[in-house]
Protein chains: 2
Amino acid sequence: MYLKLLSDQFELGITNISSEELAELGGVNAAKVRKDLSYLGSYGTRGVGYDVEFLVFQIKRELGLTHEWHVVVVGAGHLGNALAGYGGFGERGFPVGGVVDVDPAKIGTVVGGVRVRHLDELAAVVHSRKISIGVIATPAVAAQHAADSLVSAGITSILNFAPTIINTPHGISVRKVDLAVELQILSYHEQRRANVREATKLKAVPGNGRRGASA
Amino acid sequence: MYLKLLSDQFELGITNISSEELAELGGVNAAKVRKDLSYLGSYGTRGVGYDVEFLVFQIKRELGLTHEWHVVVVGAGHLGNALAGYGGFGERGFPVGGVVDVDPAKIGTVVGGVRVRHLDELAAVVHSRKISIGVIATPAVAAQHAADSLVSAGITSILNFAPTIINTPHGISVRKVDLAVELQILSYHEQRRANVREATKLKAVPGNGRRGASA
DNA sequence: ACAGCTTTGTGAAACTGTGCACAAGCGTCG
DNA sequence: CGACGCTTGTGCACAGTTTCACAAAGCTGT
Ligand SMILES: NC(=O)c1ccc[n+]([C@@H]2O[C@H](COP(=O)([O-])OP(=O)(O)OC[C@H]3O[C@@H](n4cnc5c(N)ncnc54)[C@H](O)[C@@H]3O)[C@@H](O)[C@H]2O)c1
Ligand SMILES: NC(=O)c1ccc[n+]([C@@H]2O[C@H](COP(=O)([O-])OP(=O)(O)OC[C@H]3O[C@@H](n4cnc5c(N)ncnc54)[C@H](O)[C@@H]3O)[C@@H](O)[C@H]2O)c1
C-alpha cells in the first residue's frame, strides 16, 4: 500500500512526505506508518520527513521489485483473457510472459500480445523466460491439476483465482483471490446494518434460543 | 472459508465433521476452529462433531446469506465482462443485477444476460432490484466518480477493483481487490528465497550500510 | 447404569499487532 | 551559533488473536 501511495505522490511531483501525511493517504495511524517504515531501515529525516523517491526504491528493493517478474497464466478463458490483456500488471512490474490452456480452440490464439500455448509446453515457457510466478485461471475442478503442472514446471509462487484450496509441496507460496468471499464480507456488513438491534447481543449471548435445533 | 469448505464437504456427502478435520481442510488450528464456530452459538455435539448442513445454514445466516444479494457492476470493459459473464457469483448468492458504463459503444450490449445501461440510470437500476452492493470495474481515474455515483444511487457496500483508494462517506463499506499487491507479496517471498543469507539479518540490522544515500 | 472413549467449549497463557508519548535529531532563522 | 519548531524512531502499554489444556458432555457397548 505504501508503495502504491508513494509512487502516486511521486508522479504528482511530491518529493517529500511526513508519516502524518502518508498515514492520512492510507487511512492508518501515523505511528504505524513510522514503525512499518522503520523495518526497511532508518531512512527518514527528523523534522523533515521521508524522501518519496528514495522510499519507493527501498520498498521495491525489500519486495524484490528491482527487476520485472514475468508471470505465466494457466487458463485462457474469460478471466485469463482479462488478465493477459490488462496492461496494469506490466506497469506494476509483472508482465505476462506466457499463457497456456488445454482447449485446442484456444491454443494459437493471441491474448494481450502473447500466443496461447498448450499446457504440455508449460515447462518450456517457464524456463525460456525464467518465470517463477504462475496464475491459475482455470475452472475449479482443473485448479489442482494446473497447480501440479506449475510446480512440475519449476514455479515456486502461485496466485489462485479458482474458488478451491490447492495443495502444494512445502516451499511453494500460494495466494488465493476469492471474489465471492469479498462479497460475503460486504453482505455481512449489510446484514449488520439491517438489524443493529439483534446484532448488539451477538457476542454476549450467541445462542439465542435456537440451541436445541441441532438435535 | 469455513462456509466454502463445509459446502464442499456437504456436496461430497459428508454430513458430520470434527473441528480437527475442518482445521486440516482449512490449514488452521483445531482450537481456533472451535472458538470461531462458538461465536455462532454452541452447535457442536461433544464426542461427535458438527452437523455440516446445519453449520452451513448457521454461517449463512450470520453472514446475511439467507437471501440473494444482487450486485451492480460499473464498467463493462474486460473485467466487467468477465465478472458479469461469470456464473460463479450467482451460484454463491450474488447474481449480477445490472451493469452500467458511460461508453455509448458499450451501452445496449448484453453481457452475461444483462443489458448494459448508462451510468445515469444507475439509481433506477439500483432501486428496481433493491441492490445494495456495487462493484467498480472502471479505469482508476474514473473509480472515484463511479464510487460517488454508487453512493448517490443509494449503494452502501462497494467492491473496488481499480488500483486506487476511493473516498466514501461514513457508513459505506468498501473493500479493495488489488491484484498487483497479491503479486508483490509473492515476489517478496521469491526474493526471500533467492537471498536467505541477507534476509536473516533483516530485523536485527535493517540499515545495511546504505544509510547515507538519502542525503 | 456406568466405564471408557471421543470431541466440544472455553478459561488462561502466550503471542502478535497497534497506538501513545516522548527523547533524540535535524533544519531554519535570527 | 544557539534556540526553536518539527518530525522521526522506538520503549512501553494496551488490545486483539491464537494456542494450550482440560473439564464437561455425549455416545457406545456391556
Ligand atoms: N470470470 C470471472 O470474473 C471470475 C471471477 C472470479 C473467479 N473466477 C474463477 O476463475 C476461473 C476461470 O474463470 P473463467 O470465467 O475464466 O472460466 P472460463 O471457463 O472462461 O475459462 C477457463 C479456461 O481454462 C481452461 N482450462 C480448463 N482446464 C484446464 C487445465 N487443466 N489446464 C489449463 N487450462 C485449462 C479452459 O479451456 C478455459 O479456457 C474459475 O475458477 C472461476 O471460478 C472467474
Ligand atoms: N482486466 C483485468 O484483468 C484487471 C485486473 C485487475 C484490475 N483491473 C482494474 O479493473 C479496472 C477495469 O479494467 P478493465 O481491464 O476492464 O478496463 P477496460 O478499459 O477494459 O474497461 C473499463 C470500462 O469502464 C468504462 N468507464 C470509464 N469511465 C467510466 C465511468 N465514469 N463510469 C462508468 N464506466 C466507465 C469504460 O467505458 C470501459 O468500458 C481498471 O481499474 C483496472 O486497473 C483490471
# chains A, B, ... in the order shown; residues from 1 in each chain; ligands from 1

$ select_by_dssp --residues "segment 55-212 of chain A" --states "alpha helix (DSSP H)" --output "PyMOL selection string"
chain A and resi 55-63+78-85+88-91+122-128+140-152+179-194+196-199

$ interface_residues --of "chain B" --to "chain C" --cutoff "6 Å" --atoms "only C-alpha atoms (C1' of nucleotides)" --output "list in words"
Arg46, Gly47 and Val48 of chain B

$ closest_atom_pairs --of "chain A" --to "ligand 1" --cutoff "6 Å" --atoms "only C-alpha atoms and all ligand atoms" --output "Markdown table"
| residue | atom | partner | partner_atom_place_in_ligand_line | distance |
| --- | --- | --- | --- | --- |
| A:Val74 | CA | ligand 1 | 33 (C) | 5.2 |
| A:Gly75 | CA | ligand 1 | 24 (O) | 3.6 |
| A:Ala76 | CA | ligand 1 | 39 (O) | 4.3 |
| A:Gly77 | CA | ligand 1 | 21 (O) | 3.1 |
| A:His78 | CA | ligand 1 | 16 (O) | 3.6 |
| A:Leu79 | CA | ligand 1 | 16 (O) | 3.6 |
| A:Gly80 | CA | ligand 1 | 16 (O) | 5.4 |
| A:Asp101 | CA | ligand 1 | 34 (N) | 3.7 |
| A:Val102 | CA | ligand 1 | 34 (N) | 4.8 |
| A:Asp103 | CA | ligand 1 | 37 (O) | 4.3 |
| A:Leu119 | CA | ligand 1 | 33 (C) | 5.8 |
| A:Ala137 | CA | ligand 1 | 11 (C) | 4.3 |
| A:Thr138 | CA | ligand 1 | 24 (O) | 3.7 |
| A:Pro139 | CA | ligand 1 | 41 (O) | 3.5 |
| A:Ala140 | CA | ligand 1 | 41 (O) | 4.3 |
| A:Ala142 | CA | ligand 1 | 31 (N) | 4.6 |
| A:His145 | CA | ligand 1 | 31 (N) | 5.6 |
| A:Ala146 | CA | ligand 1 | 32 (N) | 5.3 |
| A:Phe161 | CA | ligand 1 | 10 (O) | 4.9 |
| A:Ala162 | CA | ligand 1 | 41 (O) | 3.4 |
| A:Pro163 | CA | ligand 1 | 43 (O) | 5.5 |
| A:Leu179 | CA | ligand 1 | 6 (C) | 5.5 |

$ interface_residues --of "chain A" --to "chain B" --cutoff "7 Å" --atoms "only C-alpha atoms" --output "list in words"
Tyr39, Leu40, Gly41, Ser42, Tyr43, Phe54, Leu63, Gly64, His78, Leu79, Ala82, Phe89, Arg92, Ser157, Ser173, Ala180, Gln184, Leu186, Ser187, Tyr188, Gln191, Lys203, Pro206, Gly207, Arg211 and Ser214 of chain A

$ write_last_selection --atoms "C-alpha atoms" --output "PDB file, in the first residue's frame"
ATOM      1  CA  TYR A  39      11.690  -2.137   9.251  1.00  0.00           C
ATOM      2  CA  LEU A  40      13.275  -1.017   5.991  1.00  0.00           C
ATOM      3  CA  GLY A  41      15.916   0.925   7.837  1.00  0.00           C
ATOM      4  CA  SER A  42      16.157   4.396   9.259  1.00  0.00           C
ATOM      5  CA  TYR A  43      15.524   6.385   6.129  1.00  0.00           C
ATOM      6  CA  PHE A  54      14.165   7.040  -2.055  1.00  0.00           C
ATOM      7  CA  LEU A  63       9.690  -6.509  -2.027  1.00  0.00           C
ATOM      8  CA  GLY A  64      12.041  -7.785  -4.681  1.00  0.00           C
ATOM      9  CA  HIS A  78     -12.744 -15.038 -19.594  1.00  0.00           C
ATOM     10  CA  LEU A  79     -10.546 -14.263 -16.632  1.00  0.00           C
ATOM     11  CA  ALA A  82      -8.884 -10.123 -18.959  1.00  0.00           C
ATOM     12  CA  PHE A  89       0.389  -5.783 -14.485  1.00  0.00           C
ATOM     13  CA  ARG A  92       3.499  -2.617 -11.961  1.00  0.00           C
ATOM     14  CA  SER A 157       4.740 -18.944  -6.353  1.00  0.00           C
ATOM     15  CA  SER A 173       3.945 -19.729  -1.850  1.00  0.00           C
ATOM     16  CA  ALA A 180     -17.168 -14.392  -3.503  1.00  0.00           C
ATOM     17  CA  GLN A 184     -19.696 -12.195   1.606  1.00  0.00           C
ATOM     18  CA  LEU A 186     -19.784  -6.932   2.335  1.00  0.00           C
ATOM     19  CA  SER A 187     -23.073  -8.755   2.753  1.00  0.00           C
ATOM     20  CA  TYR A 188     -22.181  -9.394   6.377  1.00  0.00           C
ATOM     21  CA  GLN A 191     -26.779  -7.603   7.288  1.00  0.00           C
ATOM     22  CA  LYS A 203     -21.001 -11.792  21.330  1.00  0.00           C
ATOM     23  CA  PRO A 206     -24.654 -16.124  20.899  1.00  0.00           C
ATOM     24  CA  GLY A 207     -27.131 -18.959  21.472  1.00  0.00           C
ATOM     25  CA  ARG A 211     -29.844 -24.043  20.852  1.00  0.00           C
ATOM     26  CA  SER A 214     -29.268 -29.255  16.139  1.00  0.00           C
TER      27      SER A 214
END

$ interface_residues --of "chain D" --to "chain A" --cutoff "10 Å" --atoms "only C-alpha atoms (C1' of nucleotides)" --output "mmCIF file with N, CA and C atoms (P, O5', C5', C4', C3', O3' and C1' of nucleotides), in the first residue's frame"
data_model
loop_
_atom_site.group_PDB
_atom_site.id
_atom_site.type_symbol
_atom_site.label_atom_id
_atom_site.label_comp_id
_atom_site.auth_asym_id
_atom_site.auth_seq_id
_atom_site.Cartn_x
_atom_site.Cartn_y
_atom_site.Cartn_z
ATOM 1 P P DG D 5 9.047 27.570 19.371
ATOM 2 O "O5'" DG D 5 8.665 26.751 18.076
ATOM 3 C "C5'" DG D 5 8.936 27.295 16.783
ATOM 4 C "C4'" DG D 5 8.965 26.162 15.780
ATOM 5 C "C3'" DG D 5 7.849 25.136 15.991
ATOM 6 O "O3'" DG D 5 7.321 24.789 14.733
ATOM 7 C "C1'" DG D 5 9.938 24.052 15.993
ATOM 8 P P DC D 6 5.978 23.920 14.615
ATOM 9 O "O5'" DC D 6 6.494 22.680 13.756
ATOM 10 C "C5'" DC D 6 7.314 22.894 12.623
ATOM 11 C "C4'" DC D 6 8.011 21.594 12.293
ATOM 12 C "C3'" DC D 6 7.068 20.386 12.310
ATOM 13 O "O3'" DC D 6 7.179 19.737 11.049
ATOM 14 C "C1'" DC D 6 9.032 19.944 13.590
ATOM 15 P P DT D 7 6.163 18.569 10.601
ATOM 16 O "O5'" DT D 7 7.064 17.297 10.861
ATOM 17 C "C5'" DT D 7 8.278 17.145 10.137
ATOM 18 C "C4'" DT D 7 8.949 15.893 10.634
ATOM 19 C "C3'" DT D 7 8.005 14.690 10.773
ATOM 20 O "O3'" DT D 7 8.623 13.570 10.183
ATOM 21 C "C1'" DT D 7 9.190 15.017 12.755
ATOM 22 P P DT D 8 7.901 12.133 10.117
ATOM 23 O "O5'" DT D 8 9.099 11.222 10.621
ATOM 24 C "C5'" DT D 8 10.385 11.410 10.037
ATOM 25 C "C4'" DT D 8 11.457 10.946 10.999
ATOM 26 C "C3'" DT D 8 11.424 9.434 11.271
ATOM 27 O "O3'" DT D 8 12.742 8.922 11.111
ATOM 28 C "C1'" DT D 8 11.319 10.656 13.313
ATOM 29 P P DG D 9 12.956 7.338 10.838
ATOM 30 O "O5'" DG D 9 13.110 6.807 12.336
ATOM 31 C "C5'" DG D 9 14.279 7.126 13.054
ATOM 32 C "C4'" DG D 9 14.181 6.549 14.458
ATOM 33 C "C3'" DG D 9 13.824 5.063 14.529
ATOM 34 O "O3'" DG D 9 14.688 4.509 15.522
ATOM 35 C "C1'" DG D 9 12.286 6.296 15.809
ATOM 36 P P DT D 10 14.702 2.966 15.829
ATOM 37 O "O5'" DT D 10 13.895 2.901 17.200
ATOM 38 C "C5'" DT D 10 14.403 3.552 18.352
ATOM 39 C "C4'" DT D 10 13.395 3.395 19.482
ATOM 40 C "C3'" DT D 10 12.859 1.969 19.673
ATOM 41 O "O3'" DT D 10 12.760 1.718 21.057
ATOM 42 C "C1'" DT D 10 11.087 3.440 19.498
#
